[in-house]
>>> print(open('coords_6.txt').read())   # compact mmCIF, C-alpha atoms (C1' of nucleotides)
# COMPACT_ATOMS: atom_id res chain seq x y z
CA MET P 5 262.47 120.37 154.37
CA LEU P 6 262.07 117.78 151.62
CA LYS P 7 265.61 116.69 152.33
CA ILE P 8 267.16 113.59 150.82
CA SER P 9 269.17 111.40 153.17
CA LYS P 10 272.93 111.29 153.49
CA LYS P 11 272.88 107.75 152.19
CA ALA P 12 271.13 108.88 149.03
CA ASP P 13 273.65 111.67 148.78
CA TYR P 14 276.48 109.19 149.05
CA ALA P 15 274.86 107.02 146.40
CA LEU P 16 274.78 109.92 143.96
CA MET P 17 278.41 110.81 144.64
CA ALA P 18 279.51 107.22 144.27
CA LEU P 19 277.67 106.66 141.02
CA GLN P 20 278.95 109.92 139.62
CA HIS P 21 282.46 108.84 140.53
CA ILE P 22 282.11 105.37 139.07
CA ALA P 23 280.71 106.80 135.86
CA ALA P 24 283.51 109.35 135.66
CA VAL P 25 286.16 106.68 136.04
CA GLN P 26 284.53 104.12 133.83
CA PHE P 27 283.84 106.41 130.92
CA GLY P 28 286.68 108.83 131.52
CA ASP P 29 289.91 109.19 129.62
CA VAL P 30 292.38 108.08 132.26
CA THR P 31 291.47 104.49 133.05
CA PRO P 32 288.36 103.64 131.06
CA GLY P 33 286.60 100.42 132.01
CA ARG P 34 288.29 100.17 135.41
CA VAL P 35 286.14 98.99 138.28
CA VAL P 36 286.07 101.13 141.41
CA ASN P 37 286.28 99.80 144.93
CA THR P 38 284.53 101.15 148.00
CA LYS P 39 287.66 102.41 149.70
CA GLU P 40 288.60 104.65 146.80
CA ILE P 41 285.26 106.42 146.85
CA ALA P 42 285.14 106.67 150.63
CA GLU P 43 288.52 108.37 150.74
CA GLU P 44 287.88 110.65 147.80
CA TYR P 45 284.71 112.08 149.34
CA ASN P 46 285.28 111.58 153.09
CA ILE P 47 282.44 109.12 153.39
CA PRO P 48 282.45 106.57 156.24
CA LEU P 49 283.70 103.43 154.55
CA GLU P 50 281.28 100.95 156.03
CA LEU P 51 278.27 103.13 155.47
CA LEU P 52 279.22 103.62 151.85
CA ALA P 53 279.67 99.86 151.56
CA LYS P 54 276.06 99.40 152.62
CA VAL P 55 274.91 101.93 150.07
CA LEU P 56 276.82 100.31 147.24
CA GLN P 57 275.55 96.89 148.21
CA THR P 58 272.02 98.23 147.99
CA LEU P 59 272.67 99.75 144.59
CA ALA P 60 274.10 96.43 143.42
CA LYS P 61 271.09 94.55 144.74
CA HIS P 62 268.89 96.83 142.67
CA ALA P 63 271.05 96.18 139.62
CA LEU P 64 272.21 99.73 139.11
CA ILE P 65 275.80 98.60 139.47
CA GLU P 66 277.58 95.26 139.15
CA SER P 67 279.92 93.96 141.80
CA HIS P 68 283.17 92.13 141.21
CA ASN P 69 284.61 90.19 144.09
CA GLY P 70 288.17 89.42 145.02
CA PRO P 71 291.37 91.41 144.67
CA LYS P 72 291.11 94.15 142.05
CA GLY P 73 287.37 93.84 142.51
CA GLY P 74 284.89 96.68 142.88
CA TYR P 75 281.88 98.11 141.16
CA ALA P 76 280.97 99.11 137.66
CA LEU P 77 277.81 100.65 136.24
CA ALA P 78 275.33 98.05 135.11
CA ARG P 79 273.99 100.41 132.44
CA ARG P 80 275.18 103.54 130.78
CA ALA P 81 274.86 106.79 132.66
CA HIS P 82 272.02 108.17 130.57
CA GLN P 83 269.95 105.08 131.32
CA ILE P 84 270.09 105.56 135.09
CA THR P 85 267.63 108.14 136.36
CA ILE P 86 267.99 110.11 139.57
CA ALA P 87 264.62 108.75 140.61
CA GLN P 88 265.89 105.20 140.34
CA ILE P 89 268.93 105.98 142.44
CA LEU P 90 266.95 107.69 145.17
CA GLU P 91 264.29 105.00 145.25
CA CYS P 92 266.92 102.31 145.67
CA ILE P 93 268.09 103.93 148.86
CA GLU P 94 265.04 105.63 150.31
CA GLY P 95 262.18 103.62 148.90
CA PRO P 96 259.38 104.93 146.71
CA LEU P 97 258.80 108.66 146.47
CA GLY P 98 256.05 109.83 148.79
CA ILE P 99 255.65 113.34 150.09
CA THR P 100 252.93 112.28 152.53
CA ASP P 101 252.35 109.20 154.65
CA CYS P 102 249.21 108.43 152.70
CA SER P 103 250.94 108.44 149.32
CA HIS P 104 251.24 104.70 149.25
CA GLU P 105 248.36 103.58 151.40
CA LYS P 106 247.23 100.14 150.50
CA ASP P 107 243.57 99.22 150.36
CA GLY P 108 242.18 99.19 153.85
CA GLU P 109 244.88 101.43 155.25
CA PHE P 110 243.77 104.91 156.10
CA CYS P 111 245.44 107.72 157.92
CA MET P 112 243.45 109.33 160.69
CA GLN P 113 242.74 112.33 158.51
CA ARG P 114 241.69 110.49 155.41
CA GLU P 115 237.97 110.69 156.16
CA ASN P 116 237.72 114.41 155.58
CA CYS P 117 241.03 115.11 153.91
CA HIS P 118 240.81 117.64 151.11
CA ILE P 119 244.49 118.04 150.41
CA ARG P 120 245.36 114.52 149.34
CA THR P 121 244.58 114.99 145.67
CA PRO P 122 246.45 118.26 145.17
CA LEU P 123 249.42 116.92 147.10
CA LEU P 124 249.55 113.86 144.90
CA LYS P 125 249.77 116.19 141.94
CA VAL P 126 252.75 117.90 143.52
CA GLN P 127 254.29 114.51 144.08
CA ASP P 128 253.75 113.52 140.47
CA SER P 129 255.48 116.67 139.31
CA ILE P 130 258.49 115.95 141.45
CA ALA P 131 258.55 112.34 140.30
CA GLN P 132 258.47 113.48 136.71
CA LEU P 133 261.36 115.82 137.39
CA LEU P 134 263.49 113.09 138.92
CA ASN P 135 262.58 110.58 136.25
CA ASN P 136 263.63 112.90 133.48
CA MET P 137 267.05 113.57 134.96
CA THR P 138 269.75 110.94 134.55
CA LEU P 139 273.16 110.25 135.96
CA GLN P 140 274.50 111.56 132.66
CA ASP P 141 273.01 114.95 133.46
CA MET P 142 275.04 115.06 136.65
CA MET P 143 278.32 114.51 134.85
CA GLY P 144 278.77 118.03 133.59
CA GLY P 145 280.25 119.54 136.73
CA THR P 146 283.84 120.07 137.75
CA PRO P 147 285.87 117.39 136.01
CA LEU P 148 287.27 114.62 138.11
CA ILE P 149 291.00 115.17 137.93
CA THR P 150 292.39 113.37 140.93
CA ILE P 151 291.52 109.81 140.11
CA GLN P 152 293.40 107.54 142.47
CA SER P 153 296.17 105.78 140.67
CA PRO P 154 299.25 104.17 142.25
CA THR P 155 301.53 105.44 139.51
CA ALA P 156 300.15 108.94 139.25
CA GLN P 157 301.50 111.91 141.12
CA GLY P 158 299.72 113.64 143.96
CA VAL P 159 298.13 110.50 145.30
CA GLU P 160 298.28 111.33 148.96
CA ARG P 161 295.38 113.22 150.50
CA MET Q 23 261.54 109.84 150.53
CA LEU Q 24 261.25 113.60 150.19
CA LYS Q 25 258.44 113.45 152.71
CA ILE Q 26 256.90 116.52 154.25
CA SER Q 27 256.26 116.38 158.00
CA LYS Q 28 252.97 115.70 159.71
CA LYS Q 29 253.00 119.22 161.06
CA ALA Q 30 253.24 120.65 157.56
CA ASP Q 31 250.45 118.31 156.56
CA TYR Q 32 248.32 119.61 159.40
CA ALA Q 33 249.10 123.18 158.41
CA LEU Q 34 247.84 122.56 154.90
CA MET Q 35 244.65 120.93 156.15
CA ALA Q 36 244.00 123.72 158.60
CA LEU Q 37 244.55 126.49 156.09
CA GLN Q 38 242.37 124.74 153.55
CA HIS Q 39 239.66 124.45 156.19
CA ILE Q 40 239.93 128.05 157.29
CA ALA Q 41 239.79 129.22 153.70
CA ALA Q 42 236.79 127.04 152.97
CA VAL Q 43 234.88 128.41 155.95
CA GLN Q 44 235.92 131.99 155.50
CA PHE Q 45 235.11 132.24 151.81
CA GLY Q 46 232.39 129.62 151.73
CA ASP Q 47 228.64 130.08 151.46
CA VAL Q 48 227.56 128.86 154.87
CA THR Q 49 229.20 131.20 157.37
CA PRO Q 50 231.41 133.57 155.40
CA GLY Q 51 233.83 135.64 157.44
CA ARG Q 52 233.60 133.42 160.50
CA VAL Q 53 236.84 132.77 162.37
CA VAL Q 54 237.78 129.17 163.05
CA ASN Q 55 239.11 127.88 166.33
CA THR Q 56 241.69 125.16 166.87
CA LYS Q 57 239.31 122.66 168.38
CA GLU Q 58 237.02 122.70 165.38
CA ILE Q 59 239.83 121.82 163.01
CA ALA Q 60 241.34 119.23 165.33
CA GLU Q 61 238.05 117.38 165.60
CA GLU Q 62 237.20 117.63 161.93
CA TYR Q 63 240.45 116.03 160.85
CA ASN Q 64 241.43 113.95 163.89
CA ILE Q 65 244.51 116.02 164.58
CA PRO Q 66 245.94 116.11 168.13
CA LEU Q 67 244.60 119.37 169.50
CA GLU Q 68 247.73 120.67 171.14
CA LEU Q 69 249.97 119.83 168.25
CA LEU Q 70 247.65 121.62 165.87
CA ALA Q 71 247.66 124.57 168.25
CA LYS Q 72 251.44 124.80 167.89
CA VAL Q 73 251.17 124.66 164.13
CA LEU Q 74 248.57 127.42 164.00
CA GLN Q 75 250.61 129.57 166.35
CA THR Q 76 253.54 129.21 164.03
CA LEU Q 77 251.45 130.14 161.02
CA ALA Q 78 250.18 133.19 162.89
CA LYS Q 79 253.71 134.20 163.85
CA HIS Q 80 254.61 134.12 160.17
CA ALA Q 81 251.57 136.25 159.38
CA LEU Q 82 249.80 133.72 157.19
CA ILE Q 83 246.82 133.82 159.52
CA GLU Q 84 245.54 136.28 162.11
CA SER Q 85 244.59 135.22 165.60
CA HIS Q 86 241.63 136.50 167.59
CA ASN Q 87 241.66 135.92 171.32
CA GLY Q 88 238.84 135.35 173.72
CA PRO Q 89 235.52 133.54 173.41
CA LYS Q 90 234.36 133.27 169.80
CA GLY Q 91 238.00 133.75 168.94
CA GLY Q 92 240.02 131.77 166.45
CA TYR Q 93 241.94 132.21 163.24
CA ALA Q 94 241.32 133.84 159.91
CA LEU Q 95 243.46 134.05 156.78
CA ALA Q 96 245.68 137.11 156.78
CA ARG Q 97 245.55 137.24 152.97
CA ARG Q 98 243.40 135.77 150.30
CA ALA Q 99 243.95 132.15 149.36
CA HIS Q 100 245.55 132.86 146.00
CA GLN Q 101 248.16 135.02 147.72
CA ILE Q 102 249.40 132.22 149.96
CA THR Q 103 251.77 129.80 148.25
CA ILE Q 104 252.37 126.21 149.25
CA ALA Q 105 256.04 127.05 149.56
CA GLN Q 106 255.27 129.75 152.14
CA ILE Q 107 253.18 127.36 154.20
CA LEU Q 108 255.77 124.60 154.17
CA GLU Q 109 258.61 126.97 154.95
CA CYS Q 110 256.76 128.35 157.96
CA ILE Q 111 256.67 124.92 159.49
CA GLU Q 112 259.76 123.15 158.23
CA GLY Q 113 262.14 125.97 157.47
CA PRO Q 114 263.67 126.80 154.11
CA LEU Q 115 263.58 124.23 151.36
CA GLY Q 116 266.81 122.27 151.09
CA ILE Q 117 267.17 118.83 149.58
CA THR Q 118 270.73 118.48 150.86
CA ASP Q 119 272.51 119.52 154.02
CA CYS Q 120 274.75 121.81 152.03
CA SER Q 121 271.91 123.72 150.42
CA HIS Q 122 272.15 126.55 152.88
CA GLU Q 123 275.74 126.44 153.94
CA LYS Q 124 276.93 129.76 155.15
CA ASP Q 125 280.33 131.10 154.28
CA GLY Q 126 282.95 129.07 156.04
CA GLU Q 127 280.70 126.09 156.58
CA PHE Q 128 281.52 123.09 154.47
CA CYS Q 129 280.29 119.56 154.56
CA MET Q 130 282.91 116.85 154.62
CA GLN Q 131 282.30 116.05 150.99
CA ARG Q 132 282.36 119.59 149.66
CA GLU Q 133 285.98 119.49 148.64
CA ASN Q 134 285.48 117.06 145.80
CA CYS Q 135 281.72 117.15 145.49
CA HIS Q 136 280.48 117.07 141.92
CA ILE Q 137 276.80 116.68 142.58
CA ARG Q 138 276.11 119.89 144.44
CA THR Q 139 275.37 122.00 141.39
CA PRO Q 140 272.99 119.59 139.68
CA LEU Q 141 271.20 118.94 142.95
CA LEU Q 142 270.71 122.64 143.48
CA LYS Q 143 269.04 122.74 140.09
CA VAL Q 144 266.66 120.02 141.16
CA GLN Q 145 265.96 121.99 144.30
CA ASP Q 146 265.24 125.13 142.31
CA SER Q 147 262.76 123.26 140.17
CA ILE Q 148 260.93 121.98 143.22
CA ALA Q 149 260.96 125.45 144.77
CA GLN Q 150 259.50 126.90 141.62
CA LEU Q 151 256.78 124.28 141.66
CA LEU Q 152 255.81 125.04 145.23
CA ASN Q 153 255.99 128.78 144.72
CA ASN Q 154 253.65 128.64 141.77
CA MET Q 155 250.99 126.70 143.63
CA THR Q 156 248.73 128.54 146.04
CA LEU Q 157 246.25 127.66 148.71
CA GLN Q 158 243.59 128.59 146.17
CA ASP Q 159 244.74 125.74 143.98
CA MET Q 160 244.07 123.31 146.82
CA MET Q 161 240.47 124.41 147.21
CA GLY Q 162 239.05 122.46 144.31
CA GLY Q 163 238.60 119.13 146.09
CA THR Q 164 235.63 117.60 147.81
CA PRO Q 165 233.51 120.45 149.16
CA LEU Q 166 233.46 120.98 152.88
CA ILE Q 167 229.88 120.28 153.88
CA THR Q 168 230.03 119.42 157.55
CA ILE Q 169 231.05 122.74 159.02
CA GLN Q 170 230.63 122.63 162.75
CA SER Q 171 227.74 124.78 163.87
CA PRO Q 172 225.92 124.63 167.23
CA THR Q 173 222.53 125.08 165.63
CA ALA Q 174 223.02 122.78 162.67
CA GLN Q 175 222.06 119.14 162.63
CA GLY Q 176 224.50 116.27 162.62
CA VAL Q 177 227.01 117.98 164.82
CA GLU Q 178 228.26 114.94 166.71
CA ARG Q 179 231.00 112.86 165.23
C1' DT E 3 233.47 142.23 187.12
C1' DT E 4 234.14 137.83 186.77
C1' DG E 5 234.35 133.40 184.79
C1' DA E 6 234.50 130.54 180.73
C1' DT E 7 236.73 130.46 176.33
C1' DC E 8 240.05 131.30 173.49
C1' DG E 9 245.26 131.70 171.83
C1' DG E 10 250.62 132.08 173.43
C1' DA E 11 254.50 129.91 175.11
C1' DG E 12 257.66 126.89 177.40
C1' DA E 13 259.23 122.51 179.02
C1' DT E 14 258.93 117.73 178.56
C1' DC E 15 258.47 112.97 176.89
C1' DA E 16 258.08 109.01 173.50
C1' DT E 17 258.87 107.22 169.21
C1' DT E 18 261.02 106.79 165.04
C1' DA E 19 264.45 107.62 161.46
C1' DT E 20 268.89 108.35 160.48
C1' DA E 21 273.81 107.90 160.63
C1' DG E 22 277.39 105.34 161.74
C1' DT E 23 279.91 101.05 163.74
C1' DC E 24 281.33 96.27 164.51
C1' DT E 25 281.88 91.51 163.35
C1' DC E 26 281.93 87.52 160.63
C1' DC E 27 281.38 85.30 156.24
C1' DG E 28 282.23 83.90 151.39
C1' DA E 29 284.14 84.86 146.76
C1' DC E 30 287.86 85.75 143.88
C1' DT E 31 292.62 86.56 142.11
C1' DG E 32 297.37 86.16 141.87
C1' DC K 23 296.38 79.65 149.92
C1' DA K 24 296.81 84.23 151.63
C1' DG K 25 295.31 88.77 151.10
C1' DT K 26 291.78 91.59 149.12
C1' DC K 27 287.60 92.41 147.95
C1' DG K 28 282.16 92.47 148.50
C1' DG K 29 277.81 90.45 151.36
C1' DA K 30 275.19 90.53 155.31
C1' DG K 31 273.57 90.87 159.93
C1' DA K 32 273.31 92.86 164.37
C1' DC K 33 274.15 96.74 166.95
C1' DT K 34 274.63 101.63 168.93
C1' DA K 35 274.21 106.63 169.14
C1' DT K 36 272.12 110.71 167.97
C1' DA K 37 268.87 113.69 165.99
C1' DA K 38 264.24 114.71 164.25
C1' DT K 39 259.65 114.17 164.80
C1' DG K 40 255.27 113.70 166.92
C1' DA K 41 252.78 114.37 170.82
C1' DT K 42 251.66 115.90 175.64
C1' DC K 43 251.41 118.80 179.83
C1' DT K 44 251.21 123.05 182.32
C1' DC K 45 250.66 127.77 183.08
C1' DC K 46 249.77 132.32 181.32
C1' DG K 47 247.35 136.43 179.31
C1' DA K 48 243.68 138.31 176.34
C1' DT K 49 238.89 138.76 175.39
C1' DC K 50 233.97 138.80 175.60
C1' DA K 51 229.45 138.06 177.47
C1' DA K 52 226.50 137.31 181.18
>>> encode(input="coords_6.txt", output="structure tokens")
Amino acid sequence: MLKISKKADYALMALQHIAAVQFGDVTPGRVVNTKEIAEEYNIPLELLAKVLQTLAKHALIESHNGPKGGYALARRAHQITIAQILECIEGPLGITDCSHEKDGEFCMQRENCHIRTPLLKVQDSIAQLLNNMTLQDMMGGTPLITIQSPTAQGVER
Amino acid sequence: MLKISKKADYALMALQHIAAVQFGDVTPGRVVNTKEIAEEYNIPLELLAKVLQTLAKHALIESHNGPKGGYALARRAHQITIAQILECIEGPLGITDCSHEKDGEFCMQRENCHIRTPLLKVQDSIAQLLNNMTLQDMMGGTPLITIQSPTAQGVER
DNA sequence: TTGATCGGAGATCATTATAGTCTCCGACTG
DNA sequence: CAGTCGGAGACTATAATGATCTCCGATCAA
């Protein structure tokens, strides 16, 4: 339960990868193309492409067309929150259907619903959690050692 | 995103209702049947029945067969956590597919995945949140005044 | 003791969300 | 100006969810 989608998962992996390349020691500043990420993490290429396009549309990353093109972070890793990433892909956080009811919209239970308020508090807590965690905080894990590079050894996988 | 299912929603409403009746001032100790809850909150009767059966199977509520039968809380409201309720209906909490991978199971991304650890931390935080909140904490809202009673006025709705 | 009222359980169906695919287009660089 | 990249739309398949239907057994009260 409370699962995030594969697409959101892919977005997190991709951003982590882009950040690792961009601010890493091997090829700092290099843009990363879709194919590289897809192969590195076994993500369906065209699905990942969609995800990255969405992230670009929301200005989390910048796209560069043409040969040697790809993506780069639009901001630094500590300025991109997990909440922002997830909301790009899955829309606004809402643990219930009624979380974002507009005026005049009411779920069938609204009339006598006594759990809406406490559930919104739960939602706020989760939102706070995700807003306080940034891409930077996800960079601590196993270092990215096998960055794809034509001249480096061990390229094939 | 991170939405809980309608069934889980219904479970929360039902348990809140049962608790309100059982420990309320009007008819303390009375068991509550499925139909009463379904009508009060406009929940499809048979779907709610499934939900309550599941809750009973997990020993959150006790069932009483026959006429004047229904459900009662198996424990007191402060001993039932939101996490327990949600897990009854939706299974164990897991924000990613790999959250509960058994030995030998690996998602396609696992090999190079750098986001698993931080995501598990997020998951733990959410779990902690839901484990520290009980049914009792959901009882503060608008008081339940229109308890269905054959002899009371204003029964029809 | 018998019938109406309750929960228990299984199969089934409809709808929606998700995951993944295919195709064509336009931009850029060398 | 050709090959490599992202942009965008339609499209399909599959799984999850929400909801319904049917039959059964337990219980209690008339």
>>> residues_around(input="coords_6.txt", residues="stretch 14-17 of chain E", least_positions_apart="3", cutoff="10 Å", atoms="only C-alpha atoms (C1' of nucleotides)", output="list of chain:residue names")
K:DT39, K:DG40, K:DA41, K:DT42, K:DC43
>>> interface_residues(input="coords_6.txt", of="chain P", to="chain E", cutoff="7 Å", atoms="only C-alpha atoms (C1' of nucleotides)", output="list of chain:residue names")
P:Leu51, P:Asn69, P:Gly70, P:Pro71
>>> calpha_fit_and_write(input="coords_6.txt", fixed="chain P", moving="chain Q", output="short mmCIF file (atom, residue, chain, number, x, y, z; two decimals) with C-alpha atoms, in the coordinates of the input")
data_model
loop_
_atom_site.label_atom_id
_atom_site.label_comp_id
_atom_site.auth_asym_id
_atom_site.auth_seq_id
_atom_site.Cartn_x
_atom_site.Cartn_y
_atom_site.Cartn_z
CA MET Q 23 262.41 120.36 154.33
CA LEU Q 24 262.00 117.77 151.59
CA LYS Q 25 265.55 116.69 152.31
CA ILE Q 26 267.10 113.61 150.79
CA SER Q 27 269.14 111.42 153.15
CA LYS Q 28 272.89 111.33 153.48
CA LYS Q 29 272.87 107.80 152.15
CA ALA Q 30 271.11 108.91 148.99
CA ASP Q 31 273.61 111.73 148.75
CA TYR Q 32 276.45 109.25 149.01
CA ALA Q 33 274.85 107.06 146.37
CA LEU Q 34 274.75 109.95 143.93
CA MET Q 35 278.38 110.86 144.59
CA ALA Q 36 279.50 107.28 144.21
CA LEU Q 37 277.64 106.70 140.97
CA GLN Q 38 278.92 109.96 139.56
CA HIS Q 39 282.44 108.90 140.48
CA ILE Q 40 282.09 105.43 139.02
CA ALA Q 41 280.68 106.85 135.82
CA ALA Q 42 283.46 109.41 135.58
CA VAL Q 43 286.14 106.75 135.97
CA GLN Q 44 284.50 104.18 133.79
CA PHE Q 45 283.80 106.46 130.85
CA GLY Q 46 286.63 108.89 131.43
CA ASP Q 47 289.89 109.26 129.53
CA VAL Q 48 292.35 108.17 132.18
CA THR Q 49 291.47 104.57 132.99
CA PRO Q 50 288.35 103.70 131.00
CA GLY Q 51 286.62 100.48 131.96
CA ARG Q 52 288.32 100.25 135.34
CA VAL Q 53 286.17 99.08 138.24
CA VAL Q 54 286.09 101.23 141.35
CA ASN Q 55 286.31 99.92 144.88
CA THR Q 56 284.55 101.26 147.95
CA LYS Q 57 287.66 102.54 149.65
CA GLU Q 58 288.61 104.75 146.75
CA ILE Q 59 285.26 106.52 146.79
CA ALA Q 60 285.14 106.78 150.57
CA GLU Q 61 288.52 108.49 150.68
CA GLU Q 62 287.86 110.76 147.74
CA TYR Q 63 284.71 112.19 149.27
CA ASN Q 64 285.27 111.68 153.00
CA ILE Q 65 282.43 109.22 153.32
CA PRO Q 66 282.46 106.68 156.18
CA LEU Q 67 283.74 103.54 154.51
CA GLU Q 68 281.32 101.05 155.98
CA LEU Q 69 278.29 103.20 155.43
CA LEU Q 70 279.24 103.70 151.81
CA ALA Q 71 279.72 99.95 151.53
CA LYS Q 72 276.09 99.46 152.58
CA VAL Q 73 274.93 102.00 150.04
CA LEU Q 74 276.85 100.37 147.21
CA GLN Q 75 275.57 96.95 148.19
CA THR Q 76 272.07 98.27 147.98
CA LEU Q 77 272.69 99.79 144.57
CA ALA Q 78 274.13 96.47 143.40
CA LYS Q 79 271.12 94.58 144.74
CA HIS Q 80 268.91 96.86 142.67
CA ALA Q 81 271.08 96.19 139.63
CA LEU Q 82 272.22 99.76 139.10
CA ILE Q 83 275.82 98.64 139.46
CA GLU Q 84 277.62 95.31 139.14
CA SER Q 85 279.97 94.03 141.79
CA HIS Q 86 283.25 92.23 141.19
CA ASN Q 87 284.73 90.29 144.07
CA GLY Q 88 288.30 89.60 144.96
CA PRO Q 89 291.47 91.65 144.65
CA LYS Q 90 291.19 94.33 141.96
CA GLY Q 91 287.47 93.98 142.46
CA GLY Q 92 284.97 96.77 142.82
CA TYR Q 93 281.92 98.20 141.12
CA ALA Q 94 280.99 99.18 137.62
CA LEU Q 95 277.81 100.70 136.20
CA ALA Q 96 275.34 98.06 135.10
CA ARG Q 97 273.99 100.41 132.41
CA ARG Q 98 275.14 103.53 130.74
CA ALA Q 99 274.81 106.79 132.63
CA HIS Q 100 271.96 108.16 130.53
CA GLN Q 101 269.92 105.05 131.30
CA ILE Q 102 270.05 105.56 135.06
CA THR Q 103 267.58 108.13 136.36
CA ILE Q 104 267.93 110.13 139.54
CA ALA Q 105 264.58 108.76 140.61
CA GLN Q 106 265.88 105.18 140.33
CA ILE Q 107 268.91 105.98 142.44
CA LEU Q 108 266.94 107.71 145.16
CA GLU Q 109 264.30 105.01 145.25
CA CYS Q 110 266.94 102.32 145.69
CA ILE Q 111 268.10 103.95 148.86
CA GLU Q 112 265.05 105.64 150.32
CA GLY Q 113 262.18 103.64 148.92
CA PRO Q 114 259.38 104.93 146.72
CA LEU Q 115 258.79 108.64 146.49
CA GLY Q 116 256.02 109.82 148.78
CA ILE Q 117 255.61 113.34 150.10
CA THR Q 118 252.90 112.26 152.54
CA ASP Q 119 252.33 109.20 154.67
CA CYS Q 120 249.19 108.41 152.73
CA SER Q 121 250.90 108.41 149.35
CA HIS Q 122 251.21 104.66 149.29
CA GLU Q 123 248.35 103.55 151.43
CA LYS Q 124 247.24 100.09 150.58
CA ASP Q 125 243.61 99.13 150.44
CA GLY Q 126 242.19 99.16 153.91
CA GLU Q 127 244.88 101.40 155.31
CA PHE Q 128 243.76 104.90 156.12
CA CYS Q 129 245.42 107.69 157.97
CA MET Q 130 243.45 109.32 160.73
CA GLN Q 131 242.73 112.33 158.58
CA ARG Q 132 241.66 110.49 155.45
CA GLU Q 133 237.98 110.68 156.21
CA ASN Q 134 237.71 114.40 155.67
CA CYS Q 135 241.01 115.08 153.97
CA HIS Q 136 240.79 117.60 151.16
CA ILE Q 137 244.46 118.01 150.45
CA ARG Q 138 245.33 114.50 149.38
CA THR Q 139 244.54 114.95 145.71
CA PRO Q 140 246.41 118.22 145.20
CA LEU Q 141 249.39 116.89 147.12
CA LEU Q 142 249.50 113.82 144.93
CA LYS Q 143 249.72 116.15 141.96
CA VAL Q 144 252.69 117.87 143.51
CA GLN Q 145 254.25 114.48 144.09
CA ASP Q 146 253.69 113.48 140.48
CA SER Q 147 255.41 116.62 139.30
CA ILE Q 148 258.43 115.92 141.46
CA ALA Q 149 258.49 112.30 140.30
CA GLN Q 150 258.41 113.42 136.71
CA LEU Q 151 261.29 115.78 137.37
CA LEU Q 152 263.43 113.07 138.91
CA ASN Q 153 262.53 110.54 136.25
CA ASN Q 154 263.56 112.86 133.47
CA MET Q 155 266.98 113.54 134.94
CA THR Q 156 269.70 110.94 134.52
CA LEU Q 157 273.11 110.27 135.93
CA GLN Q 158 274.43 111.57 132.62
CA ASP Q 159 272.96 114.95 133.41
CA MET Q 160 275.00 115.08 136.61
CA MET Q 161 278.28 114.53 134.80
CA GLY Q 162 278.75 118.06 133.56
CA GLY Q 163 280.32 119.51 136.70
CA THR Q 164 283.91 120.01 137.70
CA PRO Q 165 285.95 117.30 135.98
CA LEU Q 166 287.34 114.54 138.11
CA ILE Q 167 291.09 114.95 137.87
CA THR Q 168 292.48 113.25 140.93
CA ILE Q 169 291.63 109.65 140.19
CA GLN Q 170 293.45 107.42 142.60
CA SER Q 171 296.20 105.50 140.88
CA PRO Q 172 299.17 103.74 142.53
CA THR Q 173 301.59 104.91 139.88
CA ALA Q 174 300.34 108.47 139.55
CA GLN Q 175 301.73 111.39 141.48
CA GLY Q 176 299.91 113.21 144.23
CA VAL Q 177 298.21 110.15 145.57
CA GLU Q 178 298.23 111.06 149.25
CA ARG Q 179 295.47 113.18 150.63
#
>>> atom_distance(input="coords_6.txt", atom1="atom CA of Q:Met23", atom2="atom CA of Q:Ala78")
28.8 Å
>>> closest_residue(input="coords_6.txt", among="P:Ala53, P:Gly28, P:Ile86, P:Ile22", to="P:Ile65", atoms="all atoms listed in the file")
P:Ile22
>>> atom_distance(input="coords_6.txt", atom1="atom CA of P:Ile41", atom2="atom CA of P:Met17")
8.4 Å
>>> closest_residue(input="coords_6.txt", among="P:Glu40, P:Ser67, P:Leu59, P:Asn46", to="chain K", atoms="all atoms listed in the file")
P:Ser67
>>> interface_residues(input="coords_6.txt", of="chain Q", to="chain K", cutoff="12 Å", atoms="only C-alpha atoms (C1' of nucleotides)", output="compact mmCIF listing (two decimals) with C-alpha atoms, in the frame of the given file")
# COMPACT_ATOMS: atom_id res chain seq x y z
CA ILE Q 26 256.90 116.52 154.25
CA SER Q 27 256.26 116.38 158.00
CA LYS Q 28 252.97 115.70 159.71
CA LYS Q 29 253.00 119.22 161.06
CA ALA Q 30 253.24 120.65 157.56
CA TYR Q 32 248.32 119.61 159.40
CA ILE Q 65 244.51 116.02 164.58
CA PRO Q 66 245.94 116.11 168.13
CA LEU Q 67 244.60 119.37 169.50
CA GLU Q 68 247.73 120.67 171.14
CA LEU Q 69 249.97 119.83 168.25
CA LEU Q 70 247.65 121.62 165.87
CA ALA Q 71 247.66 124.57 168.25
CA LYS Q 72 251.44 124.80 167.89
CA SER Q 85 244.59 135.22 165.60
CA HIS Q 86 241.63 136.50 167.59
CA ASN Q 87 241.66 135.92 171.32
CA GLY Q 88 238.84 135.35 173.72
CA PRO Q 89 235.52 133.54 173.41
CA LYS Q 90 234.36 133.27 169.80
CA GLY Q 91 238.00 133.75 168.94
CA GLY Q 92 240.02 131.77 166.45
CA GLU Q 112 259.76 123.15 158.23
>>> interface_residues(input="coords_6.txt", of="chain Q", to="chain P", cutoff="6 Å", atoms="only C-alpha atoms", output="JSON, numbers by chain")
{"Q": [23, 24, 25, 26, 63, 64, 112, 115, 116, 117, 118, 130, 131, 136, 140, 160, 163]}
>>> atom_distance(input="coords_6.txt", atom1="atom CA of Q:Leu82", atom2="atom CA of P:Cys102")
25.7 Å
>>> residues_around(input="coords_6.txt", residues="Q:Arg98", least_positions_apart="3", cutoff="9 Å", atoms="all atoms listed in the file", output="list in words")
Ala41, Leu95, Gln101, Ile102, Leu157 and Gln158 of chain Q
>>> decode(input="coords_6.txt", residues="stretch 57-61 of chain P", atoms="C-alpha atoms", output="short mmCIF file (atom, residue, chain, number, x, y, z; two decimals), in the first residue's frame")
data_model
loop_
_atom_site.label_atom_id
_atom_site.label_comp_id
_atom_site.auth_asym_id
_atom_site.auth_seq_id
_atom_site.Cartn_x
_atom_site.Cartn_y
_atom_site.Cartn_z
CA GLN P 57 10.36 14.74 -20.87
CA THR P 58 7.93 15.30 -18.03
CA LEU P 59 10.72 16.28 -15.66
CA ALA P 60 12.03 18.71 -18.26
CA LYS P 61 8.59 20.21 -18.75
#
